[in-house]
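Engineer: Compact mmCIF, N, CA, C and O atoms, saved as my_file.txt, coming up:
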# COMPACT_ATOMS: atom_id res chain seq x y z
N PHE A 93 -54.37 83.53 14.46
CA PHE A 93 -55.03 83.91 13.23
C PHE A 93 -55.37 85.38 13.28
O PHE A 93 -55.81 85.90 14.29
N GLN A 94 -55.19 86.03 12.15
CA GLN A 94 -55.51 87.44 12.07
C GLN A 94 -56.29 87.72 10.80
O GLN A 94 -56.09 87.06 9.78
N GLY A 95 -57.19 88.68 10.90
CA GLY A 95 -57.93 89.16 9.76
C GLY A 95 -58.20 90.64 9.95
O GLY A 95 -58.06 91.17 11.05
N GLU A 96 -58.60 91.28 8.89
CA GLU A 96 -58.87 92.71 9.00
C GLU A 96 -60.16 92.99 9.76
O GLU A 96 -60.34 94.07 10.30
N THR A 97 -61.05 92.02 9.78
CA THR A 97 -62.31 92.16 10.51
C THR A 97 -62.51 90.91 11.36
O THR A 97 -61.88 89.87 11.10
N PRO A 98 -63.39 90.97 12.33
CA PRO A 98 -63.69 89.76 13.12
C PRO A 98 -64.19 88.60 12.24
O PRO A 98 -63.84 87.44 12.48
N VAL A 99 -64.95 88.92 11.21
CA VAL A 99 -65.45 87.86 10.31
C VAL A 99 -64.30 87.20 9.57
O VAL A 99 -64.26 85.97 9.44
N GLU A 100 -63.34 87.98 9.09
CA GLU A 100 -62.17 87.42 8.41
C GLU A 100 -61.35 86.56 9.36
O GLU A 100 -60.82 85.51 8.98
N THR A 101 -61.23 87.00 10.61
CA THR A 101 -60.49 86.22 11.60
C THR A 101 -61.19 84.88 11.85
O THR A 101 -60.53 83.83 11.87
N MET A 102 -62.49 84.89 12.01
CA MET A 102 -63.24 83.64 12.23
C MET A 102 -63.13 82.73 11.01
O MET A 102 -62.98 81.51 11.17
N ALA A 103 -63.19 83.29 9.82
CA ALA A 103 -63.05 82.48 8.61
C ALA A 103 -61.67 81.82 8.57
O ALA A 103 -61.54 80.64 8.21
N ALA A 104 -60.64 82.55 8.96
CA ALA A 104 -59.29 81.99 8.98
C ALA A 104 -59.20 80.84 9.98
O ALA A 104 -58.60 79.80 9.70
N ILE A 105 -59.80 81.01 11.14
CA ILE A 105 -59.79 79.96 12.16
C ILE A 105 -60.45 78.70 11.63
O ILE A 105 -59.97 77.58 11.83
N LEU A 106 -61.56 78.87 10.92
CA LEU A 106 -62.32 77.72 10.42
C LEU A 106 -61.68 77.07 9.20
O LEU A 106 -61.81 75.86 9.01
N GLU A 107 -60.97 77.83 8.38
CA GLU A 107 -60.54 77.32 7.09
C GLU A 107 -59.04 77.04 6.95
O GLU A 107 -58.66 76.17 6.17
N ARG A 108 -58.21 77.78 7.65
CA ARG A 108 -56.77 77.61 7.47
C ARG A 108 -56.18 76.73 8.56
O ARG A 108 -56.62 76.77 9.70
N PRO A 109 -55.15 75.97 8.20
CA PRO A 109 -54.47 75.19 9.25
C PRO A 109 -53.69 76.12 10.17
O PRO A 109 -53.26 77.20 9.74
N PRO A 110 -53.50 75.72 11.42
CA PRO A 110 -52.72 76.56 12.33
C PRO A 110 -51.26 76.59 11.89
O PRO A 110 -50.78 75.69 11.21
N ALA A 111 -50.58 77.63 12.31
CA ALA A 111 -49.14 77.71 12.04
C ALA A 111 -48.43 76.60 12.80
O ALA A 111 -48.94 76.08 13.80
N GLU A 112 -47.25 76.26 12.34
CA GLU A 112 -46.47 75.24 13.03
C GLU A 112 -46.23 75.70 14.46
O GLU A 112 -45.83 76.84 14.70
N PRO A 113 -46.48 74.82 15.44
CA PRO A 113 -46.26 75.21 16.83
C PRO A 113 -44.76 75.43 17.10
O PRO A 113 -43.94 74.63 16.68
N CYS A 114 -44.45 76.49 17.74
CA CYS A 114 -43.08 76.80 18.18
C CYS A 114 -42.05 76.69 17.06
O CYS A 114 -41.08 75.94 17.18
N PRO A 115 -42.21 77.43 15.95
CA PRO A 115 -41.25 77.30 14.84
C PRO A 115 -39.83 77.69 15.23
O PRO A 115 -38.88 77.22 14.62
N ASP A 116 -39.66 78.51 16.26
CA ASP A 116 -38.32 78.93 16.69
C ASP A 116 -37.66 77.93 17.63
O ASP A 116 -36.47 78.05 17.91
N ALA A 117 -38.41 76.97 18.11
CA ALA A 117 -37.85 75.97 19.04
C ALA A 117 -37.30 74.80 18.23
O ALA A 117 -37.93 73.77 18.06
N LEU A 118 -36.10 74.96 17.71
CA LEU A 118 -35.51 73.95 16.84
C LEU A 118 -35.25 72.63 17.55
O LEU A 118 -35.22 71.58 16.91
N ASP A 119 -35.09 72.66 18.86
CA ASP A 119 -34.80 71.44 19.60
C ASP A 119 -36.06 70.75 20.11
O ASP A 119 -35.99 69.78 20.85
N LEU A 120 -37.22 71.21 19.70
CA LEU A 120 -38.48 70.59 20.10
C LEU A 120 -38.56 69.20 19.44
O LEU A 120 -38.41 69.09 18.23
N PRO A 121 -38.74 68.14 20.23
CA PRO A 121 -38.77 66.79 19.65
C PRO A 121 -39.90 66.64 18.62
O PRO A 121 -40.99 67.18 18.78
N ASP A 122 -39.60 65.89 17.56
CA ASP A 122 -40.61 65.64 16.52
C ASP A 122 -41.86 65.01 17.11
O ASP A 122 -42.97 65.31 16.68
N GLY A 123 -41.69 64.12 18.09
CA GLY A 123 -42.84 63.47 18.72
C GLY A 123 -43.76 64.48 19.39
O GLY A 123 -44.98 64.36 19.30
N LEU A 124 -43.18 65.49 20.03
CA LEU A 124 -43.99 66.51 20.67
C LEU A 124 -44.71 67.36 19.62
O LEU A 124 -45.89 67.69 19.77
N ARG A 125 -44.03 67.66 18.53
CA ARG A 125 -44.68 68.38 17.43
C ARG A 125 -45.86 67.57 16.89
O ARG A 125 -46.91 68.12 16.57
N ALA A 126 -45.69 66.26 16.78
CA ALA A 126 -46.76 65.39 16.28
C ALA A 126 -47.96 65.40 17.23
O ALA A 126 -49.11 65.48 16.79
N VAL A 127 -47.70 65.33 18.53
CA VAL A 127 -48.78 65.36 19.52
C VAL A 127 -49.55 66.68 19.42
O VAL A 127 -50.79 66.69 19.38
N VAL A 128 -48.83 67.78 19.34
CA VAL A 128 -49.48 69.09 19.23
C VAL A 128 -50.29 69.16 17.93
O VAL A 128 -51.41 69.67 17.90
N GLY A 129 -49.73 68.63 16.85
CA GLY A 129 -50.44 68.63 15.57
C GLY A 129 -51.76 67.90 15.62
O GLY A 129 -52.78 68.38 15.11
N VAL A 130 -51.77 66.74 16.26
CA VAL A 130 -53.02 65.98 16.40
C VAL A 130 -53.99 66.75 17.29
O VAL A 130 -55.18 66.85 16.98
N ALA A 131 -53.50 67.33 18.37
CA ALA A 131 -54.37 68.08 19.29
C ALA A 131 -54.99 69.30 18.62
O ALA A 131 -56.09 69.71 18.98
N LEU A 132 -54.31 69.89 17.62
CA LEU A 132 -54.81 71.10 16.96
C LEU A 132 -55.63 70.83 15.70
O LEU A 132 -56.05 71.77 15.03
N GLU A 133 -55.87 69.58 15.38
CA GLU A 133 -56.67 69.27 14.19
C GLU A 133 -58.00 70.00 14.24
O GLU A 133 -58.64 70.08 15.29
N LYS A 134 -58.43 70.54 13.12
CA LYS A 134 -59.71 71.26 13.05
C LYS A 134 -60.89 70.31 13.25
O LYS A 134 -61.84 70.61 13.94
N ASP A 135 -60.83 69.15 12.61
CA ASP A 135 -61.91 68.16 12.69
C ASP A 135 -61.76 67.37 13.99
O ASP A 135 -60.76 66.68 14.19
N PRO A 136 -62.74 67.45 14.88
CA PRO A 136 -62.64 66.71 16.14
C PRO A 136 -62.39 65.22 15.95
O PRO A 136 -61.72 64.58 16.78
N ALA A 137 -62.86 64.64 14.87
CA ALA A 137 -62.65 63.22 14.62
C ALA A 137 -61.19 62.91 14.33
O ALA A 137 -60.77 61.75 14.43
N GLU A 138 -60.41 63.91 13.99
CA GLU A 138 -58.99 63.71 13.69
C GLU A 138 -58.10 63.96 14.91
O GLU A 138 -56.91 63.73 14.85
N ARG A 139 -58.68 64.46 16.00
CA ARG A 139 -57.91 64.72 17.23
C ARG A 139 -57.82 63.44 18.06
O ARG A 139 -58.43 62.43 17.75
N TYR A 140 -57.07 63.53 19.14
CA TYR A 140 -57.04 62.41 20.09
C TYR A 140 -58.46 62.14 20.56
O TYR A 140 -59.20 63.08 20.87
N PRO A 141 -58.85 60.87 20.66
CA PRO A 141 -60.21 60.56 21.09
C PRO A 141 -60.45 60.86 22.57
O PRO A 141 -61.58 61.12 22.97
N THR A 142 -59.38 60.83 23.37
CA THR A 142 -59.51 61.09 24.80
C THR A 142 -58.24 61.78 25.30
O THR A 142 -57.19 61.72 24.65
N ALA A 143 -58.36 62.41 26.46
CA ALA A 143 -57.18 63.01 27.09
C ALA A 143 -56.18 61.91 27.46
O ALA A 143 -54.96 62.12 27.40
N ALA A 144 -56.67 60.73 27.80
CA ALA A 144 -55.78 59.62 28.15
C ALA A 144 -54.93 59.20 26.95
O ALA A 144 -53.75 58.89 27.10
N ALA A 145 -55.50 59.21 25.75
CA ALA A 145 -54.73 58.86 24.55
C ALA A 145 -53.62 59.88 24.32
O ALA A 145 -52.49 59.52 23.99
N MET A 146 -53.94 61.15 24.50
CA MET A 146 -52.93 62.19 24.35
C MET A 146 -51.86 62.05 25.43
O MET A 146 -50.66 62.17 25.16
N ALA A 147 -52.27 61.77 26.65
CA ALA A 147 -51.32 61.61 27.76
C ALA A 147 -50.38 60.43 27.49
O ALA A 147 -49.18 60.51 27.79
N ARG A 148 -50.90 59.34 26.91
CA ARG A 148 -50.04 58.19 26.57
C ARG A 148 -48.96 58.60 25.57
O ARG A 148 -47.80 58.23 25.70
N ASP A 149 -49.37 59.36 24.54
CA ASP A 149 -48.38 59.81 23.56
C ASP A 149 -47.36 60.76 24.20
O ASP A 149 -46.17 60.68 23.91
N LEU A 150 -47.82 61.66 25.06
CA LEU A 150 -46.89 62.57 25.73
C LEU A 150 -45.91 61.79 26.59
O LEU A 150 -44.71 62.09 26.60
N ALA A 151 -46.39 60.78 27.31
CA ALA A 151 -45.50 59.94 28.13
C ALA A 151 -44.50 59.21 27.25
O ALA A 151 -43.32 59.09 27.61
N SER A 152 -44.94 58.73 26.09
CA SER A 152 -44.04 58.06 25.15
C SER A 152 -42.96 59.00 24.65
O SER A 152 -41.80 58.63 24.53
N VAL A 153 -43.36 60.23 24.33
CA VAL A 153 -42.39 61.23 23.87
C VAL A 153 -41.36 61.49 24.97
O VAL A 153 -40.15 61.52 24.71
N LEU A 154 -41.82 61.64 26.20
CA LEU A 154 -40.89 61.88 27.32
C LEU A 154 -39.95 60.72 27.54
O LEU A 154 -38.81 60.90 27.97
N ALA A 155 -40.41 59.49 27.23
CA ALA A 155 -39.58 58.31 27.39
C ALA A 155 -38.66 58.08 26.19
O ALA A 155 -37.93 57.10 26.14
N GLY A 156 -38.74 58.98 25.19
CA GLY A 156 -37.89 58.86 24.02
C GLY A 156 -38.39 57.89 22.98
O GLY A 156 -37.65 57.46 22.10
N GLN A 157 -39.67 57.52 23.04
CA GLN A 157 -40.22 56.52 22.13
C GLN A 157 -41.12 57.11 21.05
O GLN A 157 -41.77 56.38 20.32
N GLY A 158 -41.18 58.42 20.93
CA GLY A 158 -42.04 59.04 19.92
C GLY A 158 -43.49 59.06 20.37
O GLY A 158 -43.79 58.86 21.54
N ALA A 159 -44.38 59.31 19.42
CA ALA A 159 -45.82 59.42 19.70
C ALA A 159 -46.56 58.37 18.90
O ALA A 159 -46.92 58.59 17.75
N PRO A 160 -46.78 57.16 19.46
CA PRO A 160 -47.38 56.06 18.70
C PRO A 160 -48.72 56.39 18.05
O PRO A 160 -48.95 56.06 16.90
N PHE A 161 -49.63 57.05 18.76
CA PHE A 161 -50.94 57.36 18.20
C PHE A 161 -50.78 58.31 17.01
O PHE A 161 -51.36 58.09 15.95
N ALA A 162 -49.98 59.35 17.16
CA ALA A 162 -49.76 60.31 16.08
C ALA A 162 -49.09 59.63 14.89
O ALA A 162 -49.44 59.88 13.75
N ARG A 163 -48.13 58.75 15.13
CA ARG A 163 -47.47 58.03 14.03
C ARG A 163 -48.47 57.14 13.30
O ARG A 163 -48.48 57.08 12.08
N ARG A 164 -49.32 56.45 14.06
CA ARG A 164 -50.33 55.58 13.46
C ARG A 164 -51.24 56.39 12.55
O ARG A 164 -51.58 55.99 11.46
N ARG A 165 -51.65 57.56 13.02
CA ARG A 165 -52.55 58.43 12.25
C ARG A 165 -51.85 58.94 11.00
O ARG A 165 -52.45 59.03 9.94
N ALA A 166 -50.57 59.27 11.09
CA ALA A 166 -49.83 59.79 9.93
C ALA A 166 -49.69 58.71 8.86
O ALA A 166 -49.75 58.99 7.67
N ARG A 167 -49.50 57.46 9.26
CA ARG A 167 -49.35 56.37 8.30
C ARG A 167 -50.66 56.00 7.63
O ARG A 167 -50.70 55.67 6.46
N SER A 168 -51.76 56.02 8.41
CA SER A 168 -53.01 55.46 7.90
C SER A 168 -53.88 56.46 7.15
O SER A 168 -54.82 56.06 6.49
N GLY A 169 -53.59 57.75 7.26
CA GLY A 169 -54.44 58.74 6.61
C GLY A 169 -55.72 58.94 7.39
O GLY A 169 -55.93 58.31 8.43
N PRO A 170 -56.61 59.80 6.91
CA PRO A 170 -57.84 60.07 7.65
C PRO A 170 -58.64 58.80 7.87
O PRO A 170 -58.68 57.93 7.01
N GLY A 171 -59.24 58.72 9.03
CA GLY A 171 -60.02 57.54 9.33
C GLY A 171 -60.80 57.70 10.60
O GLY A 171 -61.08 58.81 11.03
N PRO A 172 -61.14 56.59 11.24
CA PRO A 172 -61.96 56.65 12.44
C PRO A 172 -61.23 57.32 13.59
O PRO A 172 -60.02 57.47 13.58
N ARG A 173 -61.99 57.69 14.61
CA ARG A 173 -61.45 58.44 15.75
C ARG A 173 -60.27 57.75 16.42
O ARG A 173 -59.43 58.38 17.00
N ASP A 174 -60.17 56.44 16.36
CA ASP A 174 -59.09 55.77 17.08
C ASP A 174 -57.86 55.52 16.20
O ASP A 174 -56.94 54.88 16.63
N GLY A 175 -57.79 56.07 15.01
CA GLY A 175 -56.58 55.81 14.24
C GLY A 175 -56.52 56.45 12.88
O GLY A 175 -55.89 55.89 11.99
N GLY A 176 -57.09 57.59 12.64
CA GLY A 176 -57.07 58.24 11.33
C GLY A 176 -55.74 58.89 11.03
O GLY A 176 -54.71 58.42 11.46
N GLY A 177 -55.68 59.99 10.31
CA GLY A 177 -54.42 60.58 9.86
C GLY A 177 -54.09 61.91 10.51
O GLY A 177 -54.95 62.75 10.67
N ALA A 178 -52.85 62.09 10.85
CA ALA A 178 -52.41 63.33 11.49
C ALA A 178 -51.63 64.19 10.49
O ALA A 178 -50.94 63.68 9.63
N ARG A 179 -51.75 65.47 10.65
CA ARG A 179 -50.98 66.40 9.83
C ARG A 179 -49.51 66.26 10.21
O ARG A 179 -49.16 66.12 11.37
N ARG A 180 -48.63 66.24 9.23
CA ARG A 180 -47.19 66.17 9.50
C ARG A 180 -46.66 67.59 9.60
O ARG A 180 -46.80 68.35 8.67
N TRP A 181 -46.09 67.97 10.71
CA TRP A 181 -45.52 69.30 10.88
C TRP A 181 -44.19 69.24 10.30
O TRP A 181 -43.32 69.72 10.09
Just give me the structure as structure tokens.

Structural biologist:
Amino acid sequence: FQGETPVETMAAILERPPAEPCPDALDLPDGLRAVVGVALEKDPAERYPTAAAMARDLASVLAGQGAPFARRRARSGPGPRDGGGARRW
């Protein structure tokens, strides 16, 4: 995030969504993009509830099975910490 002043930079961090992670990495698996997207959510309630939940999704991505937690969140929309909605990159 960039701003002309430190206050503008902080406002951008608080208000704007982050840029897509690794836009130049065309071969980055969609599951990994989904995991990163959930991890970067501004609202803590929308992030992975635990490091173990994130690790399970990362292991699933490595096994070629996608990111179950991130998919569940994308389908269900915003909700409780264990299954709300993830931003689609």

Engineer: Between atom N of A:Pro136 and atom CA of A:Glu96, measure the distance and give it in Å to one decimal.

Structural biologist: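 According to the coordinates, atom N of A:Pro136 and atom CA of A:Glu96 are separated by 26.2 Å.
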
Engineer: To one decimal in Å, tell me the separation between atom CA of A:Ala137 and atom CA of A:Glu107.

Structural biologist: 16.1 Å

Engineer: Determine which residues of stretch 105-154 of chain A DSSP labels as alpha helix (DSSP H) from the backbone of this structure, then write them out as a list of chain:residue names.

Structural biologist: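 Matching residues, listed in order: A:Ile105, A:Leu106, A:Glu107, A:Asp122, A:Gly123, A:Leu124, A:Arg125, A:Ala126, A:Val127, A:Val128, A:Gly129, A:Val130, A:Ala131, A:Ala143, A:Ala144, A:Ala145, A:Met146, A:Ala147, A:Arg148, A:Asp149, A:Leu150, A:Ala151, A:Ser152, A:Val153, A:Leu154.
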
Engineer: Do you know which residues are at most 9 Å from A:Pro110 counting only C-alpha atoms, after dropping those on the same chain fewer than 2 positions away, and could you put them as a list in words?

Structural biologist: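 Neighbouring residues, sequence-local ones excluded: Phe93, Ile105, Arg108, Glu112, Pro113, Gly129, Leu132, Glu133 and Lys134 of chain A.
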
Engineer: Within 8 Å of A:Ala131, counting all atoms listed in the file, which residues show up once you throw out same-chain ones fewer than 6 positions away? Write them as a ChimeraX atom specification, please.

Structural biologist: /A:124-125,138-140,146
